[in-house]
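File shown: query-v4.txt (compact mmCIF, C-alpha atoms and all ligand atoms).
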```txt
# COMPACT_ATOMS: atom_id res chain seq x y z
CA MET A 1 -201.33 157.36 109.27
CA LEU A 2 -198.78 157.17 106.50
CA ARG A 3 -197.33 153.84 105.37
CA LEU A 4 -193.92 153.66 103.76
CA LEU A 5 -191.51 151.03 102.48
CA HIS A 6 -187.84 151.63 103.22
CA LEU A 7 -185.17 149.60 101.46
CA SER A 8 -181.48 150.22 101.00
CA ASP A 9 -178.13 149.08 99.62
CA ILE A 10 -179.33 147.30 96.49
CA HIS A 11 -175.83 147.07 94.97
CA MET A 12 -177.31 145.69 91.76
CA GLY A 13 -174.60 144.29 89.51
CA SER A 14 -172.21 143.24 92.26
CA GLY A 15 -171.01 139.79 93.29
CA PHE A 16 -170.98 138.29 89.79
CA CYS A 17 -168.17 136.00 90.95
CA HIS A 18 -170.76 134.20 93.08
CA GLY A 19 -172.99 133.50 90.09
CA ARG A 20 -172.78 131.78 86.74
CA ILE A 21 -174.16 132.50 83.31
CA ASN A 22 -177.75 131.40 82.91
CA PRO A 23 -177.70 129.68 79.49
CA GLU A 24 -181.35 130.57 78.89
CA THR A 25 -180.93 134.31 79.37
CA GLY A 26 -177.21 134.91 78.96
CA LEU A 27 -177.28 136.85 82.24
CA ASN A 28 -175.25 136.29 85.37
CA THR A 29 -177.46 134.47 87.86
CA ARG A 30 -176.53 136.89 90.63
CA LEU A 31 -177.85 139.79 88.55
CA GLU A 32 -181.06 137.77 88.14
CA ASP A 33 -181.16 137.19 91.91
CA PHE A 34 -180.79 140.90 92.64
CA ILE A 35 -183.49 141.80 90.11
CA ALA A 36 -185.89 139.19 91.52
CA THR A 37 -185.30 140.42 95.07
CA LEU A 38 -185.76 144.08 94.14
CA SER A 39 -188.96 143.16 92.30
CA ARG A 40 -190.24 141.51 95.51
CA CYS A 41 -189.75 144.80 97.36
CA ILE A 42 -191.56 146.74 94.63
CA ASP A 43 -194.35 144.09 94.50
CA ARG A 44 -194.95 144.64 98.20
CA ALA A 45 -194.97 148.45 97.88
CA ILE A 46 -197.61 148.18 95.16
CA ALA A 47 -199.66 145.43 96.82
CA GLU A 48 -200.03 147.33 100.10
CA PRO A 49 -200.07 149.97 98.53
CA VAL A 50 -197.70 152.15 100.54
CA ASP A 51 -197.84 155.94 100.38
CA LEU A 52 -194.12 156.38 99.92
CA VAL A 53 -190.94 154.43 99.08
CA LEU A 54 -187.57 155.43 100.51
CA PHE A 55 -184.36 154.08 99.02
CA GLY A 56 -181.40 154.57 101.35
CA GLY A 57 -178.61 154.65 98.75
CA ASP A 58 -176.04 152.46 96.98
CA ALA A 59 -177.98 151.40 93.91
CA PHE A 60 -175.01 149.87 92.09
CA PRO A 61 -171.42 148.92 92.90
CA ASP A 62 -170.24 152.18 91.31
CA ALA A 63 -171.51 155.36 89.68
CA THR A 64 -171.23 154.04 86.12
CA PRO A 65 -173.24 150.81 85.90
CA PRO A 66 -173.48 149.05 82.52
CA PRO A 67 -176.68 149.96 80.60
CA LEU A 68 -178.14 146.49 81.18
CA VAL A 69 -177.88 146.87 84.96
CA GLN A 70 -179.06 150.49 84.90
CA GLN A 71 -182.07 149.40 82.85
CA ALA A 72 -182.94 146.50 85.18
CA PHE A 73 -182.92 148.90 88.13
CA ALA A 74 -184.98 151.51 86.27
CA SER A 75 -187.61 149.05 85.10
CA GLN A 76 -188.34 148.01 88.69
CA PHE A 77 -188.58 151.59 90.01
CA ARG A 78 -190.63 152.54 86.94
CA ARG A 79 -193.41 150.36 88.38
CA LEU A 80 -193.69 152.80 91.30
CA VAL A 81 -194.22 155.68 88.85
CA ASP A 82 -197.04 153.72 87.20
CA ALA A 83 -198.54 153.00 90.64
CA GLU A 84 -198.20 156.70 91.52
CA ILE A 85 -196.15 156.01 94.64
CA PRO A 86 -193.77 158.88 95.42
CA THR A 87 -190.19 157.69 95.80
CA VAL A 88 -187.00 159.18 97.20
CA LEU A 89 -183.70 157.89 95.80
CA LEU A 90 -180.85 158.80 98.12
CA VAL A 91 -177.28 158.95 96.87
CA GLY A 92 -174.86 156.60 98.62
CA ASN A 93 -171.09 156.42 98.44
CA HIS A 94 -171.21 153.86 95.65
CA ASP A 95 -173.43 156.12 93.57
CA GLN A 96 -171.04 159.06 93.63
CA HIS A 97 -168.30 159.71 91.16
CA ALA A 98 -164.89 159.76 92.80
CA GLN A 99 -164.40 163.05 91.01
CA GLY A 100 -166.90 165.86 91.06
CA THR A 101 -170.14 166.08 92.99
CA GLY A 102 -173.60 164.61 92.75
CA GLY A 103 -174.84 161.08 92.33
CA ALA A 104 -174.28 160.47 88.66
CA SER A 105 -176.04 157.11 88.51
CA LEU A 106 -179.27 158.37 90.11
CA CYS A 107 -179.41 162.00 88.92
CA ILE A 108 -180.80 160.83 85.59
CA TYR A 109 -184.18 160.43 87.34
CA ARG A 110 -184.22 164.12 88.19
CA THR A 111 -182.94 165.11 84.76
CA LEU A 112 -185.77 163.16 83.14
CA GLY A 113 -188.29 164.70 85.55
CA VAL A 114 -189.67 161.30 86.51
CA PRO A 115 -193.05 162.11 88.15
CA GLY A 116 -193.05 161.63 91.90
CA PHE A 117 -189.33 160.84 92.03
CA VAL A 118 -186.96 162.84 94.20
CA VAL A 119 -183.19 162.38 94.06
CA GLY A 120 -181.41 163.13 97.33
CA ASP A 121 -177.92 164.15 96.32
CA ARG A 122 -177.59 167.04 98.77
CA LEU A 123 -178.62 168.01 102.28
CA MET A 124 -182.06 169.41 101.60
CA THR A 125 -185.67 169.33 102.81
CA HIS A 126 -188.32 167.97 100.43
CA HIS A 127 -192.09 168.21 100.84
CA LEU A 128 -193.85 165.23 99.32
CA ASN A 129 -197.56 164.97 98.79
CA THR A 130 -198.74 161.42 99.34
CA ARG A 131 -202.18 159.79 99.39
CA SER A 132 -202.06 160.06 103.19
CA GLY A 133 -200.97 163.67 103.34
CA THR A 134 -197.81 165.71 103.16
CA VAL A 135 -194.55 164.49 104.64
CA GLN A 136 -191.28 166.39 104.93
CA ILE A 137 -188.02 164.58 104.31
CA ILE A 138 -184.50 165.81 104.88
CA THR A 139 -182.11 164.00 102.56
CA LEU A 140 -178.57 163.51 103.81
CA PRO A 141 -176.50 161.78 101.12
CA TRP A 142 -173.07 160.27 101.75
CA LEU A 143 -170.77 163.10 102.71
CA THR A 144 -167.13 163.27 101.83
CA ARG A 145 -164.63 165.80 102.99
CA SER A 146 -164.99 167.77 99.79
CA THR A 147 -168.76 168.18 100.31
CA LEU A 148 -168.44 170.46 103.30
CA LEU A 149 -164.79 171.45 103.43
CA THR A 150 -162.34 173.18 101.15
CA ARG A 151 -158.66 172.37 100.92
CA PRO A 152 -157.55 175.44 102.88
CA ASP A 153 -159.96 174.35 105.65
CA THR A 154 -158.14 171.09 106.12
CA GLU A 155 -154.56 172.25 105.67
CA ALA A 156 -152.31 171.18 108.53
CA LEU A 157 -155.12 169.24 110.23
CA SER A 158 -154.91 165.64 111.35
CA MET A 159 -157.53 163.11 110.21
CA VAL A 160 -159.25 163.28 113.58
CA GLU A 161 -159.40 167.07 113.35
CA VAL A 162 -160.74 166.94 109.80
CA ASN A 163 -163.51 164.57 110.88
CA GLN A 164 -164.37 166.79 113.81
CA LEU A 165 -164.52 169.83 111.54
CA LEU A 166 -166.74 167.92 109.12
CA ILE A 167 -169.12 166.95 111.91
CA ASP A 168 -169.21 170.54 113.15
CA ARG A 169 -170.15 171.72 109.64
CA LEU A 170 -172.78 169.00 109.35
CA ARG A 171 -174.27 170.00 112.70
CA VAL A 172 -174.64 173.59 111.52
CA ALA A 173 -176.04 172.65 108.11
CA LEU A 174 -178.53 170.18 109.62
CA GLU A 175 -179.60 172.74 112.20
CA GLY A 176 -180.35 175.13 109.33
CA GLU A 177 -182.69 172.57 107.75
CA ILE A 178 -184.31 171.69 111.09
CA ARG A 179 -185.18 175.32 111.86
CA ARG A 180 -187.14 175.58 108.63
CA LEU A 181 -189.21 172.42 109.28
CA ASP A 182 -192.97 172.61 109.70
CA PRO A 183 -193.48 171.13 113.20
CA SER A 184 -196.99 169.95 112.36
CA LEU A 185 -195.93 167.54 109.59
CA PRO A 186 -194.58 164.00 109.91
CA THR A 187 -190.83 164.33 109.42
CA ILE A 188 -188.20 161.90 108.14
CA LEU A 189 -184.45 162.12 108.01
CA LEU A 190 -183.14 159.89 105.19
CA GLY A 191 -179.38 159.47 105.50
CA HIS A 192 -176.64 157.38 103.91
CA LEU A 193 -174.00 157.30 106.60
CA MET A 194 -171.95 155.29 109.02
CA ALA A 195 -173.46 155.80 112.46
CA ASP A 196 -171.04 155.66 115.37
CA THR A 197 -173.16 153.11 117.24
CA ALA A 198 -173.71 150.70 114.32
CA CYS A 199 -172.21 147.22 113.95
CA TYR A 200 -170.32 147.21 110.70
CA GLY A 201 -169.70 144.56 108.10
CA ALA A 202 -168.03 144.65 104.71
CA GLU A 203 -169.14 148.22 104.01
CA ARG A 204 -166.54 149.45 106.48
CA PHE A 205 -163.80 148.20 104.16
CA MET A 206 -165.64 149.08 100.96
CA ALA A 207 -165.68 152.74 102.04
CA ALA A 208 -162.32 152.75 103.82
CA GLY A 209 -160.67 156.11 104.03
CA LYS A 210 -163.36 157.95 102.12
CA GLY A 211 -165.95 158.79 104.68
CA PHE A 212 -166.46 159.47 108.30
CA THR A 213 -168.59 158.34 111.19
CA VAL A 214 -171.60 160.38 112.26
CA PRO A 215 -172.50 160.51 115.97
CA MET A 216 -176.08 159.23 116.41
CA ALA A 217 -176.61 161.93 119.02
CA LEU A 218 -176.41 164.46 116.20
CA LEU A 219 -179.36 162.82 114.42
CA THR A 220 -181.74 161.59 117.10
CA ARG A 221 -183.61 164.86 117.45
CA ASP A 222 -187.23 165.17 118.55
CA CYS A 223 -188.15 166.92 115.32
CA PHE A 224 -187.70 163.61 113.46
CA ASP A 225 -190.37 160.93 113.59
CA TYR A 226 -188.32 158.41 111.63
CA ILE A 227 -184.62 158.27 110.80
CA ALA A 228 -184.27 156.09 107.70
CA LEU A 229 -180.68 154.98 107.21
CA GLY A 230 -178.64 153.35 104.50
CA HIS A 231 -175.03 152.17 104.13
CA VAL A 232 -174.64 149.42 106.75
CA HIS A 233 -175.66 146.07 105.26
CA LYS A 234 -176.69 144.41 108.50
CA HIS A 235 -180.26 145.24 109.53
CA GLN A 236 -180.30 146.98 112.90
CA ILE A 237 -182.34 149.36 115.00
CA LEU A 238 -180.15 152.11 116.45
CA CYS A 239 -182.71 154.09 118.39
CA GLU A 240 -186.30 153.50 119.49
CA SER A 241 -187.33 157.12 119.98
CA PRO A 242 -187.10 158.59 117.51
CA LEU A 243 -187.02 155.34 115.58
CA ALA A 244 -183.73 155.06 113.68
CA LEU A 245 -182.77 151.97 111.70
CA TYR A 246 -180.83 150.40 108.88
CA PRO A 247 -183.00 147.97 106.86
CA GLY A 248 -179.72 146.46 105.60
CA SER A 249 -178.94 145.31 102.08
CA ILE A 250 -181.63 143.38 100.17
CA GLU A 251 -179.28 140.64 98.91
CA ARG A 252 -176.05 139.17 100.23
CA VAL A 253 -173.24 141.08 98.59
CA ASP A 254 -170.48 138.74 99.81
CA PHE A 255 -169.64 136.09 102.42
CA SER A 256 -169.41 138.65 105.21
CA GLU A 257 -173.24 138.72 105.04
CA GLU A 258 -173.57 134.93 105.16
CA LYS A 259 -175.37 134.88 108.50
CA GLU A 260 -177.45 138.05 108.11
CA ASP A 261 -181.16 138.14 107.36
CA LYS A 262 -181.94 140.31 104.36
CA GLY A 263 -185.06 142.39 103.92
CA TYR A 264 -186.75 145.77 103.96
CA VAL A 265 -188.98 147.56 106.48
CA LEU A 266 -192.57 148.72 106.37
CA VAL A 267 -193.14 151.76 108.55
CA SER A 268 -196.39 153.26 109.85
CA LEU A 269 -195.80 156.91 110.53
CA ARG A 270 -197.64 159.84 112.01
CA ARG A 271 -196.39 163.00 113.71
CA GLY A 272 -194.74 161.82 116.93
CA GLN A 273 -194.91 158.09 116.20
CA ALA A 274 -193.27 155.50 113.95
CA VAL A 275 -193.63 151.72 114.02
CA ALA A 276 -191.48 149.51 111.81
CA GLU A 277 -191.86 145.91 110.73
CA PHE A 278 -188.84 144.09 109.25
CA CYS A 279 -189.88 141.97 106.26
CA PRO A 280 -187.33 139.26 105.48
CA LEU A 281 -186.62 138.40 101.85
CA PRO A 282 -186.09 134.81 100.66
CA VAL A 283 -182.59 135.38 99.29
CA ARG A 284 -180.03 132.86 98.09
CA PRO A 285 -178.07 131.33 100.98
CA PHE A 286 -174.29 131.65 101.28
CA LYS A 287 -172.58 128.75 103.01
CA THR A 288 -169.02 128.35 104.27
CA ILE A 289 -167.86 124.78 104.94
CA SER A 290 -164.64 124.52 106.93
CA ALA A 291 -162.79 121.28 107.62
CA ASP A 292 -159.42 120.56 109.21
CA LEU A 293 -158.18 117.32 107.66
CA SER A 294 -154.60 117.57 108.87
CA LYS A 295 -155.09 115.11 111.71
CA ALA A 296 -157.58 112.87 109.92
CA GLU A 297 -156.66 109.31 109.09
CA HIS A 298 -159.04 109.35 106.15
CA PRO A 299 -159.04 112.97 104.93
CA GLN A 300 -161.26 112.35 101.90
CA GLN A 301 -163.90 110.70 104.03
CA LYS A 302 -163.84 113.53 106.55
CA LEU A 303 -164.11 116.12 103.79
CA LEU A 304 -167.11 114.44 102.15
CA LYS A 305 -168.76 114.11 105.54
CA ALA A 306 -168.33 117.85 106.17
CA ILE A 307 -169.92 118.63 102.79
CA ALA A 308 -172.80 116.19 103.39
CA ALA A 309 -173.54 117.80 106.75
CA ALA A 310 -174.08 121.24 105.17
CA ASP A 311 -177.27 122.33 103.45
CA ILE A 312 -175.83 123.46 100.14
CA ASN A 313 -178.83 123.15 97.85
CA GLU A 314 -178.75 126.11 95.38
CA ALA A 315 -176.42 127.94 97.77
CA VAL A 316 -173.27 129.93 97.03
CA VAL A 317 -170.72 127.69 98.72
CA ARG A 318 -167.11 128.11 99.72
CA LEU A 319 -165.25 125.07 100.93
CA ILE A 320 -162.13 125.73 102.97
CA TYR A 321 -160.09 122.79 104.16
CA LYS A 322 -156.71 122.35 105.81
CA LEU A 323 -154.44 119.40 105.15
CA ARG A 324 -150.82 118.32 105.32
CA SER A 325 -148.94 118.40 102.04
CA GLU A 326 -148.46 114.62 101.99
CA GLN A 327 -152.23 114.11 102.29
CA ILE A 328 -152.93 115.74 98.95
CA GLU A 329 -152.76 112.40 97.12
CA GLN A 330 -155.62 111.18 99.27
CA ILE A 331 -158.05 113.82 98.03
CA ASP A 332 -160.11 112.83 95.03
CA ASN A 333 -161.15 116.17 93.51
CA ASN A 334 -163.75 114.68 91.20
CA ALA A 335 -165.58 113.17 94.15
CA VAL A 336 -165.45 116.56 95.90
CA TYR A 337 -166.89 118.31 92.83
CA ALA A 338 -169.66 115.71 92.67
CA ALA A 339 -170.46 116.21 96.35
CA LEU A 340 -170.73 119.97 95.76
CA SER A 341 -172.85 119.70 92.62
CA ALA A 342 -176.10 120.64 94.39
CA ALA A 343 -174.62 124.07 95.14
CA HIS A 344 -175.49 127.02 92.93
CA THR A 345 -171.79 127.82 92.63
CA TYR A 346 -168.81 126.87 94.74
CA THR A 347 -165.18 127.71 95.34
CA ILE A 348 -162.61 125.44 96.98
CA GLN A 349 -159.69 126.67 98.99
CA ALA A 350 -157.17 124.10 100.22
CA GLU A 351 -154.63 125.29 102.77
CA PHE A 352 -151.54 123.38 103.79
CA VAL A 353 -150.77 123.33 107.47
CA SER A 354 -147.15 124.17 108.03
CA GLN A 355 -144.86 121.27 108.85
CA LEU A 356 -142.16 123.67 109.91
CA ALA A 357 -143.68 124.81 113.17
CA ARG A 358 -140.83 125.01 115.64
CA PRO A 359 -141.12 122.83 118.70
CA ARG A 360 -141.33 124.78 121.95
CA LEU A 361 -138.06 125.08 123.83
CA PRO A 362 -138.35 122.77 126.82
CA GLU A 363 -136.91 125.50 129.07
CA LEU A 364 -139.71 127.85 127.98
CA LYS A 365 -142.68 125.57 128.44
CA ALA A 366 -145.89 127.08 129.75
CA GLU A 367 -145.55 126.05 133.39
CA SER A 368 -142.04 127.42 133.92
CA THR A 369 -141.70 131.03 135.03
CA LEU A 370 -138.63 132.91 133.95
CA GLU A 371 -137.39 136.42 134.41
CA PRO A 372 -137.60 138.32 131.09
CA LEU A 373 -133.80 138.50 130.77
CA THR A 374 -133.36 134.79 131.45
CA ALA A 375 -136.06 134.03 128.90
CA LEU A 376 -134.25 136.15 126.33
CA GLN A 377 -130.95 134.41 127.13
CA THR A 378 -132.57 131.00 126.69
CA TYR A 379 -134.13 132.10 123.42
CA LEU A 380 -130.83 133.46 122.10
CA ALA A 381 -128.96 130.34 123.15
CA ASN A 382 -131.22 128.39 120.80
CA ARG A 383 -130.86 130.78 117.86
CA GLU A 384 -127.56 130.13 116.11
CA ASP A 385 -128.40 132.78 113.54
CA LEU A 386 -128.64 135.53 116.14
CA ARG A 387 -125.36 134.73 117.88
CA ASP A 388 -123.58 137.83 116.55
CA LEU A 389 -126.34 140.04 117.94
CA ALA A 390 -126.85 138.24 121.23
CA THR A 391 -124.64 140.43 123.42
CA GLU A 392 -126.04 143.65 121.99
CA MET A 393 -129.62 142.44 122.37
CA LEU A 394 -129.07 141.47 126.00
CA THR A 395 -127.43 144.82 126.77
CA ALA A 396 -130.26 146.71 125.10
CA ALA A 397 -132.88 144.60 126.86
CA SER A 398 -131.39 145.09 130.29
CA ALA A 399 -131.10 148.83 129.65
CA LEU A 400 -134.80 148.89 128.72
CA LEU A 401 -135.78 146.88 131.77
CA THR A 402 -133.87 149.02 134.24
CA ALA A 403 -134.59 152.42 132.70
CA GLU A 404 -136.88 154.69 134.70
CA PRO A 405 -139.91 155.39 132.56
CA ASP A 406 -140.32 159.12 131.99
CA LEU A 407 -143.95 159.57 131.01
CA THR A 408 -143.60 163.30 130.41
CA ALA A 409 -140.82 163.00 127.84
CA PRO A 410 -141.88 163.37 124.21
CA VAL A 411 -141.99 160.07 122.38
CA ALA A 412 -138.85 159.71 120.32
CA ARG A 413 -139.70 159.26 116.66
CA ASP A 414 -137.27 158.31 113.97
CA SER A 415 -137.29 159.82 110.54
CA ASP A 416 -138.75 156.63 108.97
CA GLU A 417 -141.80 156.86 111.16
CA ILE A 418 -142.30 160.52 110.30
CA LEU A 419 -141.86 159.79 106.58
CA GLN A 420 -144.47 157.03 106.83
CA GLU A 421 -146.92 159.43 108.40
CA LEU A 422 -146.25 161.95 105.69
CA ASP A 423 -146.90 159.29 103.01
CA LEU A 424 -150.19 158.42 104.66
CA ALA A 425 -151.17 162.07 104.86
CA ALA A 426 -150.32 162.52 101.17
CA GLN A 427 -152.48 159.51 100.26
CA GLN A 428 -155.37 160.91 102.22
CA LEU A 429 -154.99 164.26 100.50
CA ARG A 430 -155.22 162.54 97.12
CA LEU A 431 -158.55 161.04 98.17
CA LEU A 432 -160.10 164.48 98.63
MN MN A 501 -172.79 152.73 101.28
```
Take the structure I supplied and represent it as C-alpha cells, if you would.
Ligand SMILES: [Mn+2]
Amino acid sequence: MLRLLHLSDIHMGSGFCHGRINPETGLNTRLEDFIATLSRCIDRAIAEPVDLVLFGGDAFPDATPPPLVQQAFASQFRRLVDAEIPTVLLVGNHDQHAQGTGGASLCIYRTLGVPGFVVGDRLMTHHLNTRSGTVQIITLPWLTRSTLLTRPDTEALSMVEVNQLLIDRLRVALEGEIRRLDPSLPTILLGHLMADTACYGAERFMAAGKGFTVPMALLTRDCFDYIALGHVHKHQILCESPLALYPGSIERVDFSEEKEDKGYVLVSLRRGQAVAEFCPLPVRPFKTISADLSKAEHPQQKLLKAIAAADINEAVVRLIYKLRSEQIEQIDNNAVYAALSAAHTYTIQAEFVSQLARPRLPELKAESTLEPLTALQTYLANREDLRDLATEMLTAASALLTAEPDLTAPVARDSDEILQELDLAAQQLRLL
C-alpha cells in the first residue's frame, strides 16, 4: 500500500489586495497565509510520512513570480527533499509563459536536478521509486492549442472544430503512453485540466479563451488507479472508479471561493484500488455582508446590525449595501469602520438604488393580457421620443408576426455581424 499526499492550485503570491502589510515582517499578510497553509500540507506529508507528494499545478499567479515568493515556495518543497519524499510538480496554466513552451516557474527544479523531484511539463510517463515500491505516473500538464496543433492544422477551423481536433490529438497521445504502461504497477494520471463534468469557479474566467475542456470519459480508463487533478479550485470527486478528484486550491484566492472548504487529500493506493481522505485546512475566512438599506427608516442602525450579525473576526470582509442617494447623510462612516475593525481587512461598496425606475404603464400591468401588437401600440403611445418611428415599428412588427417562418432558409447575416465574428477569430488567433 502506497500513501500519497495530493495538493493543488497553490497560487502563492495572489490576492494581495485582501491582505495588509504585516509591520513586523514587512510582508503582505496574504502571502504569510499562503506560506503557513502550504507549510501545513508539507508538515502532514512529513509527519505521516507519505511515500509521494503530487502537486497538481498552478504554483503562482503567473510564470514569473518575484524572487521572494519563489523562495517561499521553494523553501517549503525543499523540506520534502530533506525528508526524501519523491515529489511531482505539474505545470498548470498559470505556470506557463504565454509565449514559448514549458513551465518556466517550475522547470528550475529539473534544471537544478533536485533529488526526487519530477517536473511534469509534458505528456510523459515517469517511474518513481518510493519507500512502498515503484509507481508509474503519467503527467498531463495544461494543454494549449499550440501544444498539440500547428497553425496550418487550425486554419479555417471554428473554435469548436479546433477543440475537437485538440481532443483527438490528446486521445492519440494518451493512448501512446497507456500502451507502454506496466500493467502490474500502481498507476496515476496527474493532470491539470478543466474536466467537462466539473463545477467551475473563478478559474473558468482566469483561463478564459486559452484552454479547452477535456471529456472525463477520455481519462477514466481502467489502467489508472488514481486520477489526480488540478485547476478547478473547488474540491470535488468526479469519478469513484477509477477515483478521479480535484483537491481544490489550498487557500481562498478570491471571494468566489468564500463558501468552499479548502484542503488537500491523502490517498492510499495499490494496483486496482485507491481510497482518498479530504483533509480540510484552517484557512482565513472570507465574508460578504450584504444589506439593502433603501427602505430602512434608520439605515445606519440596519447597517450596523447586519455587520454585528456576521462573524468577521480576522476575516477578509466585503460589505455591500444599497441605499437611496438622500440617505447618504444618515450613514456615519466612522462608526461603520469601527464596527468592521475586528476584520482582518475589509472593503465597502455602497450602491445607490435608482430613483428613476419608470412606473409600470397601468395598461400593461401583470394581470392584463394583450396581443403583442396592442402591447407595442400601448408602449409606443407612452414613448414621446419614439413617435417618429412608431409607424415603421408597428409595420415591421406586424410583418414579423404574420410572416411564415421558413426554417430551411439560411439565417440572414449582416456585414456587421460577420465583421464581429472575424474580429473574434482574429483575437483567438493572437492567443495561439
Ligand atoms: Mn489552473
Please find the residues contacting ligand MN 501 (chain A) at a distance of at most 7 Å between atoms, with only C-alpha atoms and all ligand atoms counted, and report them as an MDAnalysis selection string. chainID A and resid 9 57:58 92:94 192 203 230:232
Produce a file of the selected residues containing C-alpha atoms, as a PDB file, keeping the file's coordinate frame.
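The resulting again-v6.pdb:
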```pdb
ATOM      1  CA  ASP A   9    -178.130 149.080  99.620  1.00  0.00           C
ATOM      2  CA  GLY A  57    -178.610 154.650  98.750  1.00  0.00           C
ATOM      3  CA  ASP A  58    -176.040 152.460  96.980  1.00  0.00           C
ATOM      4  CA  GLY A  92    -174.860 156.600  98.620  1.00  0.00           C
ATOM      5  CA  ASN A  93    -171.090 156.420  98.440  1.00  0.00           C
ATOM      6  CA  HIS A  94    -171.210 153.860  95.650  1.00  0.00           C
ATOM      7  CA  HIS A 192    -176.640 157.380 103.910  1.00  0.00           C
ATOM      8  CA  GLU A 203    -169.140 148.220 104.010  1.00  0.00           C
ATOM      9  CA  GLY A 230    -178.640 153.350 104.500  1.00  0.00           C
ATOM     10  CA  HIS A 231    -175.030 152.170 104.130  1.00  0.00           C
ATOM     11  CA  VAL A 232    -174.640 149.420 106.750  1.00  0.00           C
TER      12      VAL A 232
END
```
State, in Å with one decimal place, the distance from atom CA of A:Ser8 to atom CA of A:Phe55.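 Separation between atom CA of A:Ser8 and atom CA of A:Phe55: 5.2 Å.
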Test item: which residues lie within 12 Å of (-167.7, 115.5, 95.5) counting only C-alpha atoms, as a list in words: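 Residues found, by chain and rising number: Gln300, Gln301, Lys302, Leu303, Leu304, Lys305, Ala306, Ile307, Ala308, Leu319, Ile331, Asp332, Asn333, Asn334, Ala335, Val336, Tyr337, Ala338, Ala339, Leu340, Ser341, Ala342, Ala343, Tyr346 and Ile348 of chain A.
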Expressed in Å, the length from atom CA of A:Val91 to atom CA of A:Asp261 is 23.6 Å
Between A:Ile46, A:Cys17, A:Cys107, A:Leu5, single out the one closest to A:Thr345, counting only C-alpha atoms.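 Between A:Ile46, A:Cys17, A:Cys107, A:Leu5, the residue approaching A:Thr345 most closely is A:Cys17.
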